[in-house]
Amino acid sequence: MERKVRLIPYQVIAEFEEVTEVPKGVELIQAPELWGKTKGKGITIAILDTGCESSHPDLKDRIIGGRNFTKDDRSDQTIYKDYNGHGTHVAGTMAATANDLGVIGVAPEANLLIVKVLDKQGSGQYEWIINGIYYAIEQQVDIISMSLGGPADVPELHEAIQKAVASGILVVCAAGNEGDGRDSTNELSYPAAYNEVISVGATGLGRQISDFSNSNEEVDLVAPGENILSTFLNGNYAKLSGTSMATPHVSGALALIKAITNQAFERKLTEPELYAQLIRRTVPLGNSPKLEGNGILYLTTIDYLANLLSAEEKREVLNV
């Protein structure tokens, strides 16, 4: 039997031809407060998704390349066009360019590597995902972002993720949208349920946990995932909801965190150290950890990192 993975179900709320604003989710996690220090320049995020509309005015300057692992376009590896819209939307939340048009992403100067592992229907084989992860490792990306999932615990997928993390790559995944709003039940989606992955749940823009967000002990944190405005097909924009929309907020935030800590500590932090820096930038919301993990992403929680002066202070912050 052919094993399948899919887009985590999401909802298209509305579509727009023109907008000019900083999306509310980007503001909520305090990303603009860090742009004076960095906008993610030099950091590369691999997006494993449905591809991307490379010609979109807010994305065309961010994309550095990619590869198609699906059967779309007769399996031509050089064509990673998005026919679905999902991949284009998450790309915009991560890194839409600051061009005074449309929207702006969390890390508007980060590089995007487009790894198409889901077809135009939003479905894919586990083999495509696994090959996409190994491709991202070969390209020496900093972050892998996956707003996808499936019910099966596939050993080969887990092994690929472990190798990515061992290579110093942060792997961020959507927790899933099968939740019922209760912490008494567990809803598991893979690869988010693997311990090595940073599993992201969703909140509304009012910071309440989204009823659809999966709950389990592997949830690491939550981010805005309802009515998220970002880039979409045909040069347009759309508001979508789902943990898929929360995930790119965290991936983009990690690009900012990595850029800042590279400067502050004058070396590249390890994957566990960067994870610790992410978690230090969360604020508990008062829910069960199975619903919110360590809390909601809030980037200014320790925004003094770039200005640390002494080695003793650095060691204290790095006490993981």
# chains A, B, ... in the order shown; residues from 1 in each chain; ligands from 1
>>> select_by_dssp(residues="stretch 135-171 of chain A", states="alpha helix (DSSP H)", output="list in words")
Tyr135, Ala136, Ile137, Glu138, Pro155, Glu156, Leu157, His158, Glu159, Ala160, Ile161, Gln162, Lys163, Ala164, Val165 and Ala166 of chain A
>>> write_last_selection(atoms="N, CA and C atoms", output="short mmCIF file (atom, residue, chain, number, x, y, z; two decimals), in the first residue's frame")
data_model
loop_
_atom_site.label_atom_id
_atom_site.label_comp_id
_atom_site.auth_asym_id
_atom_site.auth_seq_id
_atom_site.Cartn_x
_atom_site.Cartn_y
_atom_site.Cartn_z
N TYR A 135 17.33 16.52 0.84
CA TYR A 135 17.74 17.61 -0.05
C TYR A 135 18.05 18.88 0.74
N ALA A 136 17.19 19.20 1.71
CA ALA A 136 17.41 20.38 2.55
C ALA A 136 18.70 20.25 3.35
N ILE A 137 18.98 19.05 3.83
CA ILE A 137 20.23 18.82 4.56
C ILE A 137 21.43 19.07 3.64
N GLU A 138 21.36 18.54 2.43
CA GLU A 138 22.45 18.71 1.46
C GLU A 138 22.68 20.19 1.14
N PRO A 155 9.27 5.05 10.36
CA PRO A 155 10.65 5.08 10.85
C PRO A 155 11.61 5.83 9.93
N GLU A 156 11.45 5.69 8.60
CA GLU A 156 12.35 6.37 7.68
C GLU A 156 12.20 7.89 7.76
N LEU A 157 10.98 8.37 8.01
CA LEU A 157 10.76 9.80 8.18
C LEU A 157 11.42 10.28 9.46
N HIS A 158 11.25 9.53 10.53
CA HIS A 158 11.86 9.89 11.81
C HIS A 158 13.37 9.94 11.68
N GLU A 159 13.94 8.97 10.99
CA GLU A 159 15.39 8.93 10.80
C GLU A 159 15.88 10.15 10.03
N ALA A 160 15.14 10.54 9.00
CA ALA A 160 15.54 11.72 8.23
C ALA A 160 15.54 12.97 9.10
N ILE A 161 14.52 13.11 9.94
CA ILE A 161 14.43 14.27 10.83
C ILE A 161 15.57 14.25 11.84
N GLN A 162 15.88 13.09 12.38
CA GLN A 162 16.99 12.97 13.33
C GLN A 162 18.30 13.39 12.68
N LYS A 163 18.49 13.03 11.41
CA LYS A 163 19.72 13.42 10.71
C LYS A 163 19.76 14.92 10.47
N ALA A 164 18.60 15.52 10.20
CA ALA A 164 18.56 16.97 10.03
C ALA A 164 18.95 17.68 11.32
N VAL A 165 18.38 17.24 12.42
CA VAL A 165 18.69 17.85 13.71
C VAL A 165 20.16 17.64 14.08
N ALA A 166 20.67 16.44 13.80
CA ALA A 166 22.08 16.15 14.07
C ALA A 166 23.00 17.04 13.24
#
>>> residues_around(residues="stretch 216-232 of chain A", least_positions_apart="3", cutoff="7 Å", atoms="only C-alpha atoms", output="PDB file with C-alpha atoms, in the first residue's frame")
ATOM      1  CA  ILE A  13     -11.312  32.702   5.195  1.00  0.00           C
ATOM      2  CA  PRO A  23      -0.169  41.161   9.300  1.00  0.00           C
ATOM      3  CA  GLY A  25       0.070  37.719  13.558  1.00  0.00           C
ATOM      4  CA  GLY A  85      -1.850  28.165  -2.511  1.00  0.00           C
ATOM      5  CA  THR A  88       2.753  30.364  -1.056  1.00  0.00           C
ATOM      6  CA  HIS A  89       0.802  31.430   2.028  1.00  0.00           C
ATOM      7  CA  GLY A  92       4.736  34.941   2.957  1.00  0.00           C
ATOM      8  CA  THR A  93       4.267  34.642   6.709  1.00  0.00           C
ATOM      9  CA  VAL A 103       2.364  42.120   3.404  1.00  0.00           C
ATOM     10  CA  ALA A 175       0.897  20.179  15.472  1.00  0.00           C
ATOM     11  CA  ASN A 186      -4.351  13.318  22.594  1.00  0.00           C
ATOM     12  CA  GLU A 187      -4.341  13.997  18.867  1.00  0.00           C
ATOM     13  CA  LEU A 188      -1.088  13.019  17.164  1.00  0.00           C
ATOM     14  CA  ALA A 193       4.757  14.233  17.296  1.00  0.00           C
ATOM     15  CA  ASN A 195      10.384  14.651  20.072  1.00  0.00           C
ATOM     16  CA  ILE A 198       9.465  21.802  17.289  1.00  0.00           C
ATOM     17  CA  SER A 199       5.704  21.221  17.319  1.00  0.00           C
ATOM     18  CA  VAL A 200       3.554  24.332  16.903  1.00  0.00           C
ATOM     19  CA  GLY A 201      -0.047  24.722  18.020  1.00  0.00           C
ATOM     20  CA  ALA A 202      -2.345  27.615  17.128  1.00  0.00           C
ATOM     21  CA  THR A 203      -4.044  30.534  18.843  1.00  0.00           C
ATOM     22  CA  GLY A 204      -6.465  33.174  17.686  1.00  0.00           C
ATOM     23  CA  LEU A 205      -5.340  36.779  17.398  1.00  0.00           C
ATOM     24  CA  GLY A 235      -0.251  37.671  -6.923  1.00  0.00           C
ATOM     25  CA  ASN A 236      -3.126  37.878  -4.463  1.00  0.00           C
ATOM     26  CA  TYR A 237      -3.431  37.628  -0.697  1.00  0.00           C
ATOM     27  CA  ALA A 238      -5.619  35.517   1.565  1.00  0.00           C
ATOM     28  CA  LYS A 239      -6.583  34.920   5.170  1.00  0.00           C
ATOM     29  CA  LEU A 240      -6.221  31.284   6.220  1.00  0.00           C
ATOM     30  CA  SER A 241      -6.633  29.460   9.520  1.00  0.00           C
ATOM     31  CA  GLY A 242      -4.866  26.372  10.883  1.00  0.00           C
ATOM     32  CA  THR A 243      -1.768  25.204  12.724  1.00  0.00           C
ATOM     33  CA  MET A 245      -0.453  29.146   9.586  1.00  0.00           C
ATOM     34  CA  ALA A 246       1.030  29.174  13.096  1.00  0.00           C
ATOM     35  CA  HIS A 249       5.520  32.399  12.463  1.00  0.00           C
ATOM     36  CA  LYS A 290      -0.633  19.703  26.270  1.00  0.00           C
ATOM     37  CA  LEU A 291      -2.526  22.578  24.647  1.00  0.00           C
ATOM     38  CA  GLU A 292       0.065  25.358  24.650  1.00  0.00           C
ATOM     39  CA  GLY A 293       3.423  23.736  25.350  1.00  0.00           C
ATOM     40  CA  ASN A 294       5.596  26.460  26.889  1.00  0.00           C
ATOM     41  CA  GLY A 295       3.221  29.236  25.851  1.00  0.00           C
ATOM     42  CA  ILE A 296       2.782  31.740  23.033  1.00  0.00           C
ATOM     43  CA  LEU A 297       5.724  33.029  20.996  1.00  0.00           C
TER      44      LEU A 297
END
>>> residues_around(residues="stretch 140-145 of chain A", least_positions_apart="6", cutoff="7 Å", atoms="only C-alpha atoms", output="number ranges by chain")
A: 43-48, 169-173, 248, 251
>>> write_last_selection(atoms="C-alpha atoms", output="compact mmCIF listing (two decimals), in the first residue's frame")
# COMPACT_ATOMS: atom_id res chain seq x y z
CA ILE A 43 19.48 32.61 7.21
CA THR A 44 17.90 30.02 4.91
CA ILE A 45 14.55 28.34 5.54
CA ALA A 46 13.53 25.27 3.56
CA ILE A 47 9.77 25.13 3.07
CA LEU A 48 8.52 21.58 2.49
CA ILE A 169 19.01 22.18 11.46
CA LEU A 170 15.93 23.31 13.37
CA VAL A 171 12.86 21.35 12.25
CA VAL A 172 9.49 23.05 12.78
CA CYS A 173 6.14 21.30 12.18
CA PRO A 248 5.70 29.78 9.71
CA SER A 251 10.09 29.32 11.51
>>> closest_residue(among="A:Leu299, A:Ile130, A:Ile209, A:Ala95", to="A:Pro191", atoms="only C-alpha atoms")
A:Ile130
>>> residues_around(residues="A:Tyr126", least_positions_apart="3", cutoff="10 Å", atoms="only C-alpha atoms", output="number ranges by chain")
A: 2-6, 117-118, 123, 129-132, 149-150, 152, 154, 156-157
>>> select_by_dssp(residues="stretch 124-302 of chain A", states="strand (DSSP E or B)", output="tab-separated table (two decimals) with N, CA and C atoms, in the first residue's frame")
chain	number	residue	atom	x	y	z
A	124	GLY	N	0.85	13.82	-0.74
A	124	GLY	CA	2.17	13.38	-1.16
A	124	GLY	C	2.54	12.04	-0.56
A	125	GLN	N	3.55	11.43	-1.10
A	125	GLN	CA	4.06	10.19	-0.56
A	125	GLN	C	5.12	10.48	0.50
A	143	ILE	N	16.91	26.07	8.73
A	143	ILE	CA	15.61	25.72	9.30
A	143	ILE	C	14.82	24.94	8.26
A	144	ILE	N	14.11	23.91	8.68
A	144	ILE	CA	13.15	23.20	7.83
A	144	ILE	C	11.77	23.45	8.42
A	145	SER	N	10.83	23.91	7.58
A	145	SER	CA	9.47	24.19	8.04
A	145	SER	C	8.50	23.29	7.29
A	146	MET	N	7.66	22.56	8.05
A	146	MET	CA	6.70	21.63	7.44
A	146	MET	C	5.32	21.82	8.04
A	148	LEU	N	2.58	20.16	7.40
A	148	LEU	CA	1.98	18.96	6.82
A	148	LEU	C	2.02	17.87	7.88
A	149	GLY	N	1.31	16.77	7.62
A	149	GLY	CA	1.32	15.69	8.59
A	149	GLY	C	0.48	14.51	8.16
A	150	GLY	N	0.62	13.45	8.90
A	150	GLY	CA	-0.14	12.24	8.64
A	150	GLY	C	-0.24	11.41	9.91
A	170	LEU	N	17.16	23.25	12.57
A	170	LEU	CA	15.93	23.31	13.37
A	170	LEU	C	14.77	22.84	12.50
A	171	VAL	N	13.99	21.90	13.00
A	171	VAL	CA	12.86	21.35	12.25
A	171	VAL	C	11.56	21.76	12.94
A	172	VAL	N	10.71	22.50	12.22
A	172	VAL	CA	9.49	23.05	12.78
A	172	VAL	C	8.29	22.46	12.05
A	173	CYS	N	7.29	21.96	12.80
A	173	CYS	CA	6.14	21.30	12.18
A	173	CYS	C	4.84	21.75	12.82
A	174	ALA	N	3.78	21.75	12.02
A	174	ALA	CA	2.44	22.04	12.52
A	174	ALA	C	1.93	20.89	13.38
A	190	TYR	N	2.12	13.16	12.59
A	190	TYR	CA	3.55	13.02	12.34
A	190	TYR	C	3.93	13.77	11.06
A	198	ILE	N	10.13	20.71	16.58
A	198	ILE	CA	9.46	21.80	17.29
A	198	ILE	C	8.02	21.82	16.81
A	199	SER	N	7.12	21.38	17.67
A	199	SER	CA	5.70	21.22	17.32
A	199	SER	C	4.93	22.48	17.69
A	200	VAL	N	4.20	23.03	16.73
A	200	VAL	CA	3.55	24.33	16.90
A	200	VAL	C	2.04	24.20	16.87
A	201	GLY	N	1.40	24.62	17.96
A	201	GLY	CA	-0.05	24.72	18.02
A	201	GLY	C	-0.49	26.13	17.65
A	202	ALA	N	-1.81	26.34	17.62
A	202	ALA	CA	-2.35	27.62	17.13
A	202	ALA	C	-3.17	28.34	18.18
A	203	THR	N	-3.15	29.67	18.07
A	203	THR	CA	-4.04	30.53	18.84
A	203	THR	C	-4.77	31.47	17.89
A	209	ILE	N	-6.38	29.68	22.80
A	209	ILE	CA	-6.02	28.46	22.10
A	209	ILE	C	-7.11	28.11	21.09
A	219	VAL	N	3.66	19.09	22.07
A	219	VAL	CA	3.48	20.48	21.66
A	219	VAL	C	4.52	21.34	22.39
A	220	ASP	N	5.28	22.13	21.65
A	220	ASP	CA	6.34	22.94	22.25
A	220	ASP	C	5.92	24.37	22.54
A	221	LEU	N	5.11	24.94	21.66
A	221	LEU	CA	4.64	26.32	21.84
A	221	LEU	C	3.49	26.57	20.88
A	222	VAL	N	2.88	27.74	21.02
A	222	VAL	CA	1.78	28.12	20.12
A	222	VAL	C	2.09	29.47	19.50
A	223	ALA	N	1.44	29.75	18.37
A	223	ALA	CA	1.61	31.01	17.65
A	223	ALA	C	0.30	31.32	16.93
A	224	PRO	N	0.14	32.55	16.43
A	224	PRO	CA	-1.11	32.91	15.76
A	224	PRO	C	-1.41	32.01	14.57
A	228	ILE	N	-5.07	34.46	9.38
A	228	ILE	CA	-3.72	34.93	9.10
A	228	ILE	C	-3.63	35.42	7.65
A	229	LEU	N	-3.29	36.67	7.49
A	229	LEU	CA	-3.17	37.29	6.18
A	229	LEU	C	-1.77	37.06	5.63
A	230	SER	N	-1.70	36.56	4.39
A	230	SER	CA	-0.40	36.35	3.77
A	230	SER	C	-0.57	36.26	2.25
A	231	THR	N	0.54	35.99	1.58
A	231	THR	CA	0.57	35.87	0.13
A	231	THR	C	-0.22	34.66	-0.34
A	237	TYR	N	-3.65	37.83	-2.13
A	237	TYR	CA	-3.43	37.63	-0.70
A	237	TYR	C	-4.66	36.92	-0.14
A	238	ALA	N	-4.48	36.23	0.98
A	238	ALA	CA	-5.62	35.52	1.56
A	238	ALA	C	-5.44	35.40	3.07
A	239	LYS	N	-6.58	35.24	3.75
A	239	LYS	CA	-6.58	34.92	5.17
A	239	LYS	C	-6.92	33.44	5.33
A	240	LEU	N	-6.04	32.71	5.98
A	240	LEU	CA	-6.22	31.28	6.22
A	240	LEU	C	-6.12	31.00	7.70
A	241	SER	N	-6.71	29.89	8.12
A	241	SER	CA	-6.63	29.46	9.52
A	241	SER	C	-6.16	28.02	9.61
A	282	THR	N	8.84	32.71	25.01
A	282	THR	CA	7.44	32.33	25.09
A	282	THR	C	6.85	32.86	26.39
A	283	VAL	N	5.54	33.04	26.38
A	283	VAL	CA	4.82	33.52	27.57
A	283	VAL	C	3.66	32.56	27.84
A	296	ILE	N	2.84	31.07	24.33
A	296	ILE	CA	2.78	31.74	23.03
A	296	ILE	C	4.11	32.42	22.71
A	297	LEU	N	4.50	32.38	21.46
A	297	LEU	CA	5.72	33.03	21.00
A	297	LEU	C	5.62	34.54	21.18
>>> closest_residue(among="A:Ala255, A:Lys41, A:Lys71, A:Ile104", to="A:Lys24", atoms="only C-alpha atoms")
A:Ile104
>>> atom_distance(atom1="atom CA of A:Lys60", atom2="atom CA of A:Leu269")
29.4 Å
>>> closest_residue(among="A:Thr97, A:Ser189, A:Thr270, A:Thr70", to="A:Asp153", atoms="only C-alpha atoms")
A:Ser189
>>> residues_around(residues="stretch 33-40 of chain A", least_positions_apart="2", cutoff="9 Å", atoms="only C-alpha atoms", output="list in words")
Glu27, Gln30, Ala31, Gly42, Ile43, Thr44, Ala95, Val106, Ala107, Pro108, Glu109, Ala110, Asn111, Gly252, Ala253, Leu254, Ala255, Leu256, Ile257, Lys258, Ala259, Ile260, Leu299, Thr300, Asp303 and Ala306 of chain A
>>> atom_distance(atom1="atom CA of A:Thr185", atom2="atom CA of A:Pro272")
28.6 Å
>>> residues_around(residues="stretch 100-102 of chain A", least_positions_apart="6", cutoff="8 Å", atoms="only C-alpha atoms", output="count of residues only")
7
>>> atom_distance(atom1="atom CA of A:Glu271", atom2="atom CA of A:Gly168")
5.1 Å
